[in-house]
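Participant: Please find upload-v6.tsv (TSV, C-alpha atoms) on the next line:
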```tsv
chain	number	residue	atom	x	y	z
P	9	MET	CA	-17.43	-25.85	-1.46
P	10	LYS	CA	-20.03	-23.39	-2.73
P	11	LYS	CA	-18.54	-20.74	-0.48
P	12	THR	CA	-15.09	-21.31	-1.99
P	13	LEU	CA	-16.52	-20.76	-5.47
P	14	ILE	CA	-18.14	-17.49	-4.37
P	15	LEU	CA	-14.84	-16.33	-2.87
P	16	ILE	CA	-12.96	-17.26	-6.05
P	17	GLY	CA	-15.60	-15.32	-7.98
P	18	ILE	CA	-15.10	-12.21	-5.83
P	19	THR	CA	-11.34	-12.48	-6.31
P	20	VAL	CA	-11.70	-12.80	-10.08
P	21	VAL	CA	-13.98	-9.74	-10.15
P	22	LEU	CA	-11.48	-7.73	-8.07
P	23	LEU	CA	-8.56	-8.82	-10.24
P	24	GLY	CA	-10.50	-8.23	-13.45
P	25	SER	CA	-11.63	-4.74	-12.49
P	26	GLY	CA	-8.05	-3.96	-11.48
P	27	ILE	CA	-6.71	-5.12	-14.86
P	28	LEU	CA	-9.41	-3.23	-16.78
P	29	GLY	CA	-8.79	-0.12	-14.70
P	30	SER	CA	-5.03	-0.37	-15.27
P	31	LEU	CA	-5.54	-0.71	-19.04
P	32	TYR	CA	-7.86	2.30	-19.01
P	33	VAL	CA	-5.35	4.40	-17.07
P	34	MET	CA	-2.50	3.34	-19.37
P	35	HIS	CA	-4.32	3.99	-22.64
P	36	HIS	CA	-6.24	7.10	-21.77
P	37	LYS	CA	-4.75	10.09	-23.57
P	38	GLN	CA	-5.11	13.73	-22.66
P	39	PRO	CA	-5.87	16.22	-25.42
P	40	GLU	CA	-3.29	18.70	-24.12
P	41	LYS	CA	0.22	18.29	-22.85
P	42	ILE	CA	0.20	20.80	-20.03
P	43	ALA	CA	2.26	19.56	-17.11
P	44	ARG	CA	1.57	20.92	-13.65
P	45	ILE	CA	4.07	20.43	-10.85
P	46	TYR	CA	2.71	20.51	-7.33
P	47	GLN	CA	4.39	20.47	-3.95
P	48	GLN	CA	1.76	19.44	-1.39
P	49	ASP	CA	-1.20	21.30	-2.93
P	50	ASN	CA	0.75	24.31	-4.19
P	51	LEU	CA	1.06	24.67	-7.93
P	52	LEU	CA	4.73	25.49	-8.55
P	53	TYR	CA	5.06	25.28	-12.32
P	54	GLU	CA	2.76	24.98	-15.27
P	55	ILE	CA	4.47	23.99	-18.52
P	56	ASP	CA	2.96	23.37	-21.94
P	57	LEU	CA	5.16	20.45	-23.03
P	58	SER	CA	4.31	20.84	-26.72
P	59	THR	CA	5.97	24.27	-26.73
P	60	VAL	CA	9.21	23.10	-25.08
P	61	LYS	CA	12.02	23.26	-27.66
P	62	LYS	CA	15.05	22.55	-25.53
P	63	SER	CA	15.42	20.28	-22.51
P	64	TYR	CA	16.02	21.82	-19.11
P	65	THR	CA	15.81	20.83	-15.45
P	66	LEU	CA	13.91	22.22	-12.49
P	67	THR	CA	15.06	21.70	-8.92
P	68	ILE	CA	12.51	21.66	-6.12
P	69	ASP	CA	13.67	21.80	-2.52
P	70	GLY	CA	11.48	20.42	0.22
P	71	GLU	CA	11.54	19.92	3.97
P	72	ASN	CA	14.46	18.16	5.70
P	73	GLY	CA	16.84	18.55	2.76
P	74	ALA	CA	14.53	16.85	0.27
P	75	GLU	CA	15.40	17.65	-3.32
P	76	ASN	CA	13.73	16.64	-6.56
P	77	VAL	CA	15.17	17.37	-10.00
P	78	ILE	CA	12.62	17.38	-12.79
P	79	LEU	CA	13.70	17.03	-16.41
P	80	VAL	CA	11.52	18.93	-18.88
P	81	GLU	CA	11.92	17.79	-22.48
P	82	PRO	CA	10.00	18.47	-25.69
P	83	ASN	CA	6.65	16.68	-25.30
P	84	GLN	CA	7.58	14.81	-22.14
P	85	ILE	CA	8.52	15.29	-18.49
P	86	SER	CA	10.27	13.03	-16.00
P	87	MET	CA	11.80	12.94	-12.55
P	88	GLN	CA	15.56	12.93	-13.05
P	89	SER	CA	16.62	12.44	-9.45
P	90	ALA	CA	15.09	12.48	-6.00
P	91	THR	CA	16.29	12.23	-2.43
P	92	CYS	CA	13.49	9.86	-1.42
P	93	PRO	CA	14.49	6.33	-0.31
P	94	ASP	CA	12.71	4.31	-3.00
P	95	HIS	CA	13.23	6.41	-6.18
P	96	LEU	CA	10.02	5.03	-7.65
P	97	CYS	CA	9.24	8.39	-9.22
P	98	VAL	CA	12.58	8.24	-11.09
P	99	LYS	CA	12.03	4.64	-12.22
P	100	GLN	CA	8.59	5.48	-13.56
P	101	GLY	CA	10.27	7.33	-16.44
P	102	ALA	CA	8.79	10.04	-18.60
P	103	ILE	CA	5.13	10.91	-18.97
P	104	SER	CA	3.64	12.90	-21.81
P	105	ASP	CA	-0.13	12.68	-22.14
P	106	GLY	CA	-1.39	9.94	-19.82
P	107	ILE	CA	-3.56	10.44	-16.74
P	108	LEU	CA	-1.14	8.62	-14.46
P	109	PRO	CA	0.79	11.29	-12.55
P	110	ILE	CA	4.39	11.03	-11.41
P	111	VAL	CA	4.20	11.05	-7.65
P	112	CYS	CA	7.03	11.27	-5.15
P	113	LEU	CA	5.16	10.28	-2.03
P	114	PRO	CA	7.97	10.88	0.50
P	115	ASN	CA	8.67	14.40	-0.76
P	116	HIS	CA	5.05	15.22	-1.64
P	117	ILE	CA	5.84	16.20	-5.21
P	118	ARG	CA	3.30	15.52	-7.92
P	119	ILE	CA	3.61	16.04	-11.67
P	120	SER	CA	0.35	15.70	-13.54
P	121	ILE	CA	-0.69	16.31	-17.11
P	122	ALA	CA	-3.65	18.59	-17.86
P	123	SER	CA	-5.64	17.75	-14.76
P	124	ASP	CA	-9.21	18.95	-14.73
P	125	GLU	CA	-8.66	20.61	-11.37
P	126	GLU	CA	-8.33	23.90	-13.17
P	127	GLY	CA	-10.69	23.16	-16.01
P	128	SER	CA	-11.08	26.82	-16.95
P	129	TYR	CA	-7.72	26.71	-18.72
P	130	ASP	CA	-9.17	24.47	-21.41
P	131	VAL	CA	-11.56	27.22	-22.41
P	132	GLN	CA	-9.03	30.02	-22.29
P	133	VAL	CA	-6.51	28.45	-24.68
P	134	ARG	CA	-8.11	29.87	-27.79
E	98	MET	CA	-0.25	-16.18	35.65
E	99	SER	CA	2.34	-18.17	33.75
E	100	LYS	CA	-0.17	-18.44	30.88
E	101	SER	CA	-0.28	-14.68	30.48
E	102	VAL	CA	3.51	-14.49	30.59
E	103	LYS	CA	3.72	-17.15	27.89
E	104	HIS	CA	1.13	-15.26	25.90
E	105	LEU	CA	3.11	-12.05	26.22
E	106	VAL	CA	6.34	-13.75	25.18
E	107	MET	CA	4.69	-15.36	22.17
E	108	LEU	CA	3.27	-12.03	21.04
E	109	ALA	CA	6.66	-10.38	21.52
E	110	LEU	CA	8.25	-13.12	19.42
E	111	PHE	CA	5.65	-12.68	16.68
E	112	THR	CA	6.25	-8.92	16.74
E	113	THR	CA	9.98	-9.51	16.35
E	114	MET	CA	9.41	-11.87	13.44
E	115	ALA	CA	7.05	-9.41	11.76
E	116	LEU	CA	9.54	-6.59	12.28
E	117	THR	CA	12.41	-8.64	10.84
E	118	ILE	CA	10.36	-9.61	7.79
E	119	PHE	CA	9.29	-5.98	7.39
E	120	VAL	CA	12.86	-4.65	7.52
E	121	VAL	CA	14.25	-7.35	5.20
E	122	GLU	CA	11.39	-6.86	2.77
E	123	ALA	CA	12.10	-3.13	2.59
E	124	GLN	CA	15.50	-4.02	1.09
E	125	ILE	CA	14.00	-6.09	-1.73
E	126	PRO	CA	13.63	-3.94	-4.84
E	127	VAL	CA	10.16	-3.96	-6.35
E	128	PRO	CA	10.11	-4.70	-10.11
E	129	VAL	CA	7.24	-2.32	-10.85
E	130	PRO	CA	7.62	1.46	-10.49
E	131	ILE	CA	4.31	1.99	-8.71
E	132	PRO	CA	4.42	3.52	-5.24
E	133	GLY	CA	2.79	1.29	-2.64
E	134	VAL	CA	3.39	-2.05	-4.37
E	135	LYS	CA	5.19	-4.53	-2.16
E	136	LEU	CA	5.03	-8.17	-1.18
E	137	GLY	CA	3.46	-7.53	2.20
E	138	LEU	CA	5.16	-10.54	3.74
E	139	ALA	CA	4.87	-9.08	7.23
E	140	ASN	CA	1.13	-9.55	6.87
E	141	VAL	CA	1.76	-13.31	7.16
E	142	ILE	CA	2.51	-12.76	10.86
E	143	THR	CA	-0.57	-10.57	11.36
E	144	LEU	CA	-2.70	-13.32	9.81
E	145	ILE	CA	-1.14	-16.02	11.98
E	146	VAL	CA	-1.68	-14.05	15.19
E	147	LEU	CA	-5.22	-13.22	14.09
E	148	VAL	CA	-6.06	-16.88	13.58
E	149	VAL	CA	-4.16	-18.34	16.55
E	150	TYR	CA	-4.78	-15.61	19.13
E	151	ARG	CA	-7.38	-12.89	19.61
E	152	PRO	CA	-7.97	-9.96	17.21
E	153	ARG	CA	-6.68	-7.46	19.78
E	154	ASP	CA	-3.39	-9.37	20.00
E	155	ALA	CA	-3.05	-9.18	16.23
E	156	PHE	CA	-3.79	-5.46	16.40
E	157	ALA	CA	-1.08	-4.92	19.01
E	158	VAL	CA	1.47	-6.88	16.94
E	159	LEU	CA	0.51	-4.95	13.80
E	160	VAL	CA	0.72	-1.47	15.33
E	161	LEU	CA	3.98	-2.25	17.12
E	162	ARG	CA	5.48	-3.65	13.92
E	163	ILE	CA	4.48	-0.55	11.93
E	164	LEU	CA	5.73	1.90	14.59
E	165	LEU	CA	9.05	0.11	15.11
E	166	GLY	CA	9.40	-0.65	11.41
E	167	SER	CA	9.13	2.98	10.40
E	168	ILE	CA	11.68	3.91	13.08
E	169	PHE	CA	14.13	1.40	11.57
E	170	THR	CA	13.50	1.83	7.86
E	171	GLY	CA	11.22	4.65	6.92
E	172	THR	CA	10.38	8.26	7.35
E	173	PRO	CA	7.53	9.85	9.33
E	174	VAL	CA	5.64	10.14	6.05
E	175	SER	CA	5.77	6.42	5.31
E	176	LEU	CA	4.41	5.83	8.82
E	177	LEU	CA	1.22	7.64	7.82
E	178	TYR	CA	0.73	5.39	4.77
E	179	SER	CA	1.58	2.18	6.61
E	180	LEU	CA	-0.65	3.00	9.55
E	181	THR	CA	-3.80	3.91	7.60
E	182	GLY	CA	-3.29	0.93	5.30
E	183	GLY	CA	-2.46	-1.41	8.16
E	184	ILE	CA	-5.43	-0.47	10.33
E	185	LEU	CA	-7.93	-0.71	7.46
E	186	CYS	CA	-6.42	-4.04	6.44
E	187	PHE	CA	-6.66	-5.30	10.02
E	188	LEU	CA	-10.32	-4.29	10.42
E	189	GLY	CA	-11.29	-6.12	7.22
E	190	MET	CA	-9.32	-9.25	8.08
E	191	ALA	CA	-10.61	-9.40	11.67
E	192	LEU	CA	-14.20	-9.16	10.43
E	193	LEU	CA	-13.69	-11.82	7.75
E	194	CYS	CA	-11.95	-14.09	10.24
E	195	LYS	CA	-15.19	-14.15	12.23
E	196	LEU	CA	-17.28	-14.90	9.14
E	197	LEU	CA	-15.11	-17.40	7.27
E	198	GLN	CA	-13.34	-20.63	8.14
E	199	LYS	CA	-9.62	-21.08	8.42
E	200	LYS	CA	-9.35	-22.77	5.02
E	201	HIS	CA	-10.37	-19.50	3.37
E	202	LEU	CA	-7.34	-17.70	4.75
E	203	TRP	CA	-6.13	-16.91	1.22
E	204	PHE	CA	-9.29	-14.87	0.63
E	205	ILE	CA	-8.99	-13.07	3.98
E	206	SER	CA	-5.44	-12.19	3.00
E	207	ILE	CA	-6.48	-10.86	-0.42
E	208	VAL	CA	-9.14	-8.64	1.15
E	209	GLY	CA	-6.57	-7.48	3.68
E	210	ALA	CA	-4.06	-6.61	0.96
E	211	VAL	CA	-6.64	-4.75	-1.11
E	212	LEU	CA	-7.88	-2.83	1.93
E	213	HIS	CA	-4.27	-1.98	2.76
E	214	ASN	CA	-3.98	-0.43	-0.69
E	215	VAL	CA	-7.28	1.43	-0.23
E	216	GLY	CA	-5.90	2.88	3.00
E	217	GLN	CA	-2.66	3.88	1.31
E	218	ILE	CA	-4.50	5.64	-1.51
E	219	LEU	CA	-6.72	7.45	1.01
E	220	ALA	CA	-3.63	8.56	2.94
E	221	ALA	CA	-1.98	9.67	-0.31
E	222	ILE	CA	-5.08	11.66	-1.28
E	223	ALA	CA	-5.00	13.33	2.14
E	224	ALA	CA	-1.26	14.01	2.00
E	225	MET	CA	-1.22	15.26	-1.59
E	226	GLN	CA	-4.60	16.97	-1.28
E	227	SER	CA	-5.44	15.69	-4.72
E	228	VAL	CA	-7.77	12.97	-5.95
E	229	GLN	CA	-5.53	12.31	-8.93
E	230	VAL	CA	-3.40	9.70	-7.18
E	231	ILE	CA	-6.44	7.43	-7.47
E	232	ALA	CA	-5.11	6.66	-10.98
E	233	TYR	CA	-2.68	4.33	-9.20
E	234	PHE	CA	-5.44	2.34	-7.56
E	235	PRO	CA	-6.14	-0.19	-10.37
E	236	PHE	CA	-2.46	-1.20	-10.39
E	237	LEU	CA	-2.48	-1.58	-6.62
E	238	LEU	CA	-5.67	-3.65	-6.87
E	239	VAL	CA	-4.03	-6.15	-9.23
E	240	ALA	CA	-0.86	-6.27	-7.12
E	241	GLY	CA	-2.90	-6.66	-3.93
E	242	CYS	CA	-4.85	-9.62	-5.29
E	243	ILE	CA	-1.68	-11.43	-6.35
E	244	THR	CA	0.51	-10.74	-3.31
E	245	GLY	CA	-2.45	-11.19	-0.95
E	246	PHE	CA	-3.12	-14.64	-2.35
E	247	PHE	CA	0.45	-15.79	-1.81
E	248	THR	CA	0.85	-14.31	1.67
E	249	GLY	CA	-2.44	-15.98	2.57
E	250	ILE	CA	-1.19	-19.35	1.36
E	251	ALA	CA	2.08	-18.79	3.25
E	252	ALA	CA	0.23	-18.00	6.50
E	253	ASP	CA	-2.01	-21.02	6.02
E	254	ARG	CA	1.01	-23.32	5.61
E	255	VAL	CA	2.79	-21.84	8.64
E	256	ILE	CA	-0.29	-22.30	10.85
E	257	HIS	CA	-0.51	-25.90	9.61
E	258	PHE	CA	3.00	-26.63	10.83
E	259	LEU	CA	2.90	-24.67	14.10
E	260	PRO	CA	3.25	-26.83	17.21
E	261	LYS	CA	-0.13	-27.32	18.86
E	262	SER	CA	1.32	-26.25	22.22
E	263	ILE	CA	1.38	-22.58	21.23
E	264	PHE	CA	-2.35	-22.49	20.58
E	265	PRO	CA	-3.77	-20.75	23.66
E	266	LYS	CA	-6.83	-22.93	24.19
E	267	PRO	CA	-7.09	-22.73	28.00
E	268	ALA	CA	-6.47	-18.98	27.96
E	269	GLU	CA	-9.70	-18.47	26.05
E	270	LYS	CA	-11.74	-19.71	29.00
E	271	PRO	CA	-10.65	-17.49	31.88
E	272	ALA	CA	-13.61	-18.52	34.10
E	273	LYS	CA	-12.52	-22.16	34.17
E	274	ASN	CA	-8.95	-21.11	34.72
E	275	GLY	CA	-9.94	-19.06	37.75
E	276	LYS	CA	-11.64	-22.00	39.45
E	277	HIS	CA	-8.53	-24.15	39.27
E	278	SER	CA	-6.11	-21.67	40.75
```
What do you get writing this file as structure tokens?
Facilitator:
Amino acid sequence: MKKTLILIGITVVLLGSGILGSLYVMHHKQPEKIARIYQQDNLLYEIDLSTVKKSYTLTIDGENGAENVILVEPNQISMQSATCPDHLCVKQGAISDGILPIVCLPNHIRISIASDEEGSYDVQVR
Amino acid sequence: MSKSVKHLVMLALFTTMALTIFVVEAQIPVPVPIPGVKLGLANVITLIVLVVYRPRDAFAVLVLRILLGSIFTGTPVSLLYSLTGGILCFLGMALLCKLLQKKHLWFISIVGAVLHNVGQILAAIAAMQSVQVIAYFPFLLVAGCITGFFTGIAADRVIHFLPKSIFPKPAEKPAKNGKHS
């Protein structure tokens, strides 16, 4: 019986940390709206979303006929269409300043906002 | 001899069931747009085989299900995610199965589901060559706890209603078996 309580406790801790982590990820805002689009680990595009005045699309071709269309709009970016089987990246909708990236796992496309991977940019802005 | 044939047939049947569940589940749309979230119903079969038979039997069923499943439904890329997640999940569940009793199957299943997600995130980090996908992990953790709990309960119920004749009790004592034949 005691063991069951310990196991329930561990589960509650796991679930709780997951919920807290999810809330943190959802509410964390980035100071800048610079979107970076990667294919594998290659940086393809770097767009400052706050300077976008008119919407446009970018098409990225991958291996085996994979194709991802990215919609760039003022202050936000989204995956418009993808050739992957699940289309989760399309369903995720637009991102603007959160830390959660749009990821198309099957086609290895990743759109992230102002990642600190190239932190030197933050200094060079002004 | 006939025992090992029966054993083989049972494992083949379990693999078929797992594969069917896996393929059917792939057709069910997931309500949340987070990559990697799914019900994990095929894990019910892995759990059953793990409890009823030996860990290596469960491992064989799991790997066969993942290999065949990705031939039928997925792409070579999804194989990578399923395999890392599946193997990590199996290792955790096999260890816990030794430590805990059968009535704690729901917990074993939760740990398995969470470890499956850990494996998927690790594979995604390797494939994307970026640590940023870790931002998905909290969501997967919540989903893993919930789906893991229910698959665990499901496996527990199925084992409860399985006919006793499929439990391979004599097969676990090969020395005694040898004397008789």
Participant: Determine, counting all atoms listed in the file, which protein, DNA and RNA residues have an atom within 9 Å of an atom of P:Leu66; residues of the same chain fewer than 5 positions away are not included. Present the result as a list in words.
Facilitator: Asn76, Val77, Ile78, Leu79 and Val80 of chain P
Participant: Please dump the current selection as a short mmCIF file (atom, residue, chain, number, x, y, z; two decimals), in the frame of the given file; keep C-alpha atoms.
Facilitator:
```cif
data_model
loop_
_atom_site.label_atom_id
_atom_site.label_comp_id
_atom_site.auth_asym_id
_atom_site.auth_seq_id
_atom_site.Cartn_x
_atom_site.Cartn_y
_atom_site.Cartn_z
CA ASN P 76 13.73 16.64 -6.56
CA VAL P 77 15.17 17.37 -10.00
CA ILE P 78 12.62 17.38 -12.79
CA LEU P 79 13.70 17.03 -16.41
CA VAL P 80 11.52 18.93 -18.88
#
```
Participant: Would you tabulate, counting only C-alpha atoms, all residues of chain P that have an atom at most 9 Å from an atom of chain E, showing the closest pair of atoms and their distance in Å to one decimal, sorted by chain then ascending number, as CSV?
Facilitator:
```
residue,atom,partner,partner_atom,distance
P:Thr12,CA,E:His201,CA,7.4
P:Leu15,CA,E:Phe204,CA,6.7
P:Ile16,CA,E:Phe204,CA,8.0
P:Thr19,CA,E:Cys242,CA,7.2
P:Val20,CA,E:Cys242,CA,8.9
P:Leu22,CA,E:Leu238,CA,7.2
P:Leu23,CA,E:Val239,CA,5.4
P:Gly24,CA,E:Val239,CA,8.0
P:Ser25,CA,E:Pro235,CA,7.4
P:Gly26,CA,E:Pro235,CA,4.4
P:Ile27,CA,E:Val239,CA,6.3
P:Leu28,CA,E:Pro235,CA,7.8
P:Gly29,CA,E:Pro235,CA,5.1
P:Ser30,CA,E:Pro235,CA,5.0
P:Leu31,CA,E:Pro235,CA,8.7
P:Val33,CA,E:Ala232,CA,6.5
P:Tyr46,CA,E:Met225,CA,8.7
P:Gln47,CA,E:Met225,CA,8.0
P:Gln48,CA,E:Met225,CA,5.1
P:Asp49,CA,E:Gln226,CA,5.7
P:Pro93,CA,E:Gly171,CA,8.1
P:Asp94,CA,E:Pro126,CA,8.5
P:His95,CA,E:Pro130,CA,8.6
P:Leu96,CA,E:Pro130,CA,5.2
P:Cys97,CA,E:Pro130,CA,7.2
P:Val98,CA,E:Pro130,CA,8.4
P:Lys99,CA,E:Pro130,CA,5.7
P:Gln100,CA,E:Pro130,CA,5.2
P:Gly101,CA,E:Pro130,CA,8.8
P:Ile107,CA,E:Ala232,CA,7.1
P:Leu108,CA,E:Ala232,CA,5.6
P:Pro109,CA,E:Val230,CA,7.0
P:Ile110,CA,E:Val230,CA,9.0
P:Val111,CA,E:Val230,CA,7.7
P:Cys112,CA,E:Pro132,CA,8.2
P:Leu113,CA,E:Ala221,CA,7.4
P:Pro114,CA,E:Val174,CA,6.1
P:Asn115,CA,E:Val174,CA,8.6
P:His116,CA,E:Met225,CA,6.3
P:Ile117,CA,E:Met225,CA,8.0
P:Arg118,CA,E:Met225,CA,7.8
P:Ser120,CA,E:Gln229,CA,8.2
P:Ser123,CA,E:Gln229,CA,8.0
P:Glu125,CA,E:Ser227,CA,8.9
```
Participant: Could you work out how far atom CA of E:Val215 lies from atom CA of E:Val148, giving the answer in Å with one decimal?
Facilitator: 23.0 Å
Participant: Distance atom CA of E:Leu202-atom CA of E:Leu185, one decimal place?
Facilitator: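 Interatomic distance, atom CA of E:Leu202 to atom CA of E:Leu185: 17.2 Å.
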Participant: Quick one: axis-aligned box around all listed atoms of stretch 49-54 of chain P, 5 Å on every side, centre and edge lengths in Å to one decimal, written as lines of an AutoDock Vina configuration file.
Facilitator:
```
center_x = 1.9
center_y = 23.4
center_z = -9.1
size_x = 16.3
size_y = 14.2
size_z = 22.3
```
Participant: Within 10 Å of stretch 159-164 of chain E, counting all atoms listed in the file, which residues show up once you throw out same-chain ones fewer than 2 positions away? Write them as a count of residues only, please.
Facilitator: 36
Participant: In Å, with one decimal, what is the gap from atom CA of P:Asn72 to atom CA of P:Ser89?
Facilitator: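 Interatomic distance here is 16.3 Å.
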Participant: So, with all atoms listed in the file as the atoms that count, which of E:Gln198, E:Leu193, E:Val158, E:Ala220 lies closest to E:Leu105?
Facilitator: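 Answer, going by the shortest atom-to-atom distance: E:Val158.
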Participant: Contacts of E:Gly137 at 8 Å or less, counting all atoms listed in the file, minus same-chain residues fewer than 6 places along, as a list in words?
Facilitator: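 Contacts, in chain order: Phe119, Glu122, Ala210, Thr244, Gly245 and Thr248 of chain E.
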Participant: Write the residues of the selection above to a file with C-alpha atoms, as a short mmCIF file (atom, residue, chain, number, x, y, z; two decimals), in the coordinates of the input.
Facilitator:
```cif
data_model
loop_
_atom_site.label_atom_id
_atom_site.label_comp_id
_atom_site.auth_asym_id
_atom_site.auth_seq_id
_atom_site.Cartn_x
_atom_site.Cartn_y
_atom_site.Cartn_z
CA PHE E 119 9.29 -5.98 7.39
CA GLU E 122 11.39 -6.86 2.77
CA ALA E 210 -4.06 -6.61 0.96
CA THR E 244 0.51 -10.74 -3.31
CA GLY E 245 -2.45 -11.19 -0.95
CA THR E 248 0.85 -14.31 1.67
#
```
